[in-house]
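Visitor: The structure that follows is given in the form of structure tokens.
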Amino acid sequence: MATASSGYNLARFDLVSIRLVVDCLQQGSLSAAARASHLALAAASRRLRELEDAVGEPLFERHGRGLLPTSAGRVFARHALEMLQSLDQIGSELADLKRGITRHIRLCASTAAINQFLPPLLARHAREVRHVHVELEEQVSSLVAVTVREGRADLGVFVEGADTEGLDCRLFRRDELVLVLPARHRLNGRGAIAFSEALEEDWISLAEGAALLQKQHEAAHAAGRPLKLRMQVRSFDAVCHLVGSGLGIALLPRSAALPIVGAMGLRWRALSDPWASRRLLLATRPGMHDAAVEQLVGFLVEPSQKAKAPPRKRQ
């Protein structure tokens, strides 16, 4: 096999060959990948061989049951998939121009923001500002801040507590954390309860990285007690289903939890701890002068905050 130059000159390969590598990874066999790429098997085999010659090492290991990606194959396929997705996005945005959509805004938000506040706001924005298309991605709060800071999102909404260095932040909304309990449970009752009184229980919570779970760990540590974390899932609905099955109790934002609690016949109880009242922040990168993004920020923030927000310095 020929040795590739240090520059890996792949420019002469068309998208068919690059897509073939992705299909090989996803299908697990060259024949299936050839069908997915609408190629004859011999043509697909030749394209893959020529691509491997250019790279200078095999992208796949051949065996009786199909193909296994090498380390080089996994790297190539990952970047190839990102490139193909970017091209698809170009096509989508060009098609949107014909429909009068002239701007795409990338919004990254935490589960708490999406479950409690964003859907009706984004629906109203879509009706009122038809030339702007908002693309929403859900992430845990800590990653939302990173995504905005690195420029992979135009703005983000997350629970206060994430690292906000290098970001312009405004108050988005406030929420309140409450205990979610099975219908028959010793902690059911009236009035607020301290979080520490529930630390003997098994807990259901969100996946690692969630601001809510981080707050639970911090509160348990402050009380000098372990958090008996039994199960972790990715949605408020899943948390409540597990609570309803008697597998533990949970801590969730009140406005997001109450509809689910009512539908499942669960119970809830307020917390007396001050940290149960939280702030959700809206963040952008400093120095961003994008009229469409600034308009969306003004649309989303609390009305009282629009007057309080400090003016941005013009550079």
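Identifiers in this document derive from the order of the structure tokens: chains are assigned A, B, ..., residues are numbered from 1 separately in each chain, and ligands are numbered from 1 in order of occurrence.
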Can you pull out every residue within 12 Å of A:Glu218, counting only C-alpha atoms, but drop anything in the same chain fewer than 6 positions away, and send it as JSON, numbers by chain?
Guide: {"A": [161, 195, 196, 211, 212, 224, 225, 226, 227, 275]}
Visitor: Write out as a list in words which residues come within 12 Å of A:Lys215 when counting only C-alpha atoms, dropping same-chain ones fewer than 4 positions away.
Guide: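 Answer for this query is Ser141, Val159, Glu160, Gly161, Ala162, Leu177, Phe195, Ser205, Leu206, Glu208, Gly209, Ala210, Ala211, Ala219, Ala220, His221, Ala222, Leu227, Leu251, Leu252, Asp273, Pro274, Trp275, Ala276, Ser277 and Arg278 of chain A.
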Visitor: Which neighbours of A:Glu138 fall inside 8 Å, counting only C-alpha atoms, when residues of the same chain fewer than 3 positions from it are skipped, and could you give them as a PyMOL selection string?
Guide: chain A and resi 108-111+114
Visitor: For the selection just defined, write its residues with all heavy atoms to a file, as an mmCIF file, in the first residue's frame.
Guide:
data_model
loop_
_atom_site.group_PDB
_atom_site.id
_atom_site.type_symbol
_atom_site.label_atom_id
_atom_site.label_comp_id
_atom_site.auth_asym_id
_atom_site.auth_seq_id
_atom_site.Cartn_x
_atom_site.Cartn_y
_atom_site.Cartn_z
ATOM 1 N N CYS A 108 -28.912 26.708 22.891
ATOM 2 C CA CYS A 108 -28.626 25.524 23.699
ATOM 3 C C CYS A 108 -29.243 25.761 25.078
ATOM 4 O O CYS A 108 -29.101 26.856 25.640
ATOM 5 C CB CYS A 108 -27.118 25.339 23.806
ATOM 6 S SG CYS A 108 -26.609 23.728 24.381
ATOM 7 N N ALA A 109 -29.936 24.757 25.636
ATOM 8 C CA ALA A 109 -30.647 24.983 26.892
ATOM 9 C C ALA A 109 -30.660 23.729 27.750
ATOM 10 O O ALA A 109 -30.576 22.597 27.251
ATOM 11 C CB ALA A 109 -32.081 25.438 26.617
ATOM 12 N N SER A 110 -30.799 23.954 29.051
ATOM 13 C CA SER A 110 -30.861 22.855 30.008
ATOM 14 C C SER A 110 -32.259 22.239 30.015
ATOM 15 O O SER A 110 -33.233 22.827 29.533
ATOM 16 C CB SER A 110 -30.523 23.358 31.413
ATOM 17 O OG SER A 110 -31.543 24.228 31.883
ATOM 18 N N THR A 111 -32.353 21.047 30.602
ATOM 19 C CA THR A 111 -33.633 20.350 30.700
ATOM 20 C C THR A 111 -34.651 21.186 31.459
ATOM 21 O O THR A 111 -35.825 21.254 31.076
ATOM 22 C CB THR A 111 -33.434 18.997 31.407
ATOM 23 O OG1 THR A 111 -32.476 18.230 30.677
ATOM 24 C CG2 THR A 111 -34.738 18.218 31.482
ATOM 25 N N ILE A 114 -36.089 23.912 29.234
ATOM 26 C CA ILE A 114 -36.955 23.398 28.171
ATOM 27 C C ILE A 114 -38.277 22.894 28.740
ATOM 28 O O ILE A 114 -39.354 23.160 28.199
ATOM 29 C CB ILE A 114 -36.235 22.283 27.392
ATOM 30 C CG1 ILE A 114 -35.038 22.873 26.639
ATOM 31 C CG2 ILE A 114 -37.187 21.590 26.425
ATOM 32 C CD1 ILE A 114 -34.141 21.835 25.988
#
Visitor: Per DSSP on the backbone, filter stretch 149-179 of chain A down to the residues in strand (DSSP E or B) and report them as a list in words.
Guide: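 Taking stretch 149-179 of chain A and keeping strand (DSSP E or B) only, one gets Leu155, Gly156, Val157, Phe158, Val159, Glu160, Ala162, Asp168, Cys169, Arg170, Leu171, Phe172, Arg173, Arg174, Asp175, Glu176, Leu177, Val178 and Leu179 of chain A.
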Visitor: List the spatial neighbours of stretch 11-24 of chain A as a ChimeraX atom specification - criterion: any atom at most 6 Å away, only C-alpha atoms, same-chain residues fewer than 6 positions off excluded.
Guide: /A:30,33,47,77
Visitor: How would the residues just picked look written out with C-alpha atoms as a compact mmCIF listing (two decimals), in the first residue's frame?
Guide:
# COMPACT_ATOMS: atom_id res chain seq x y z
CA LEU A 30 -19.05 -3.54 2.29
CA ALA A 33 -22.63 -0.11 2.38
CA ARG A 47 -13.29 3.50 -3.96
CA ALA A 77 -15.78 8.31 9.74
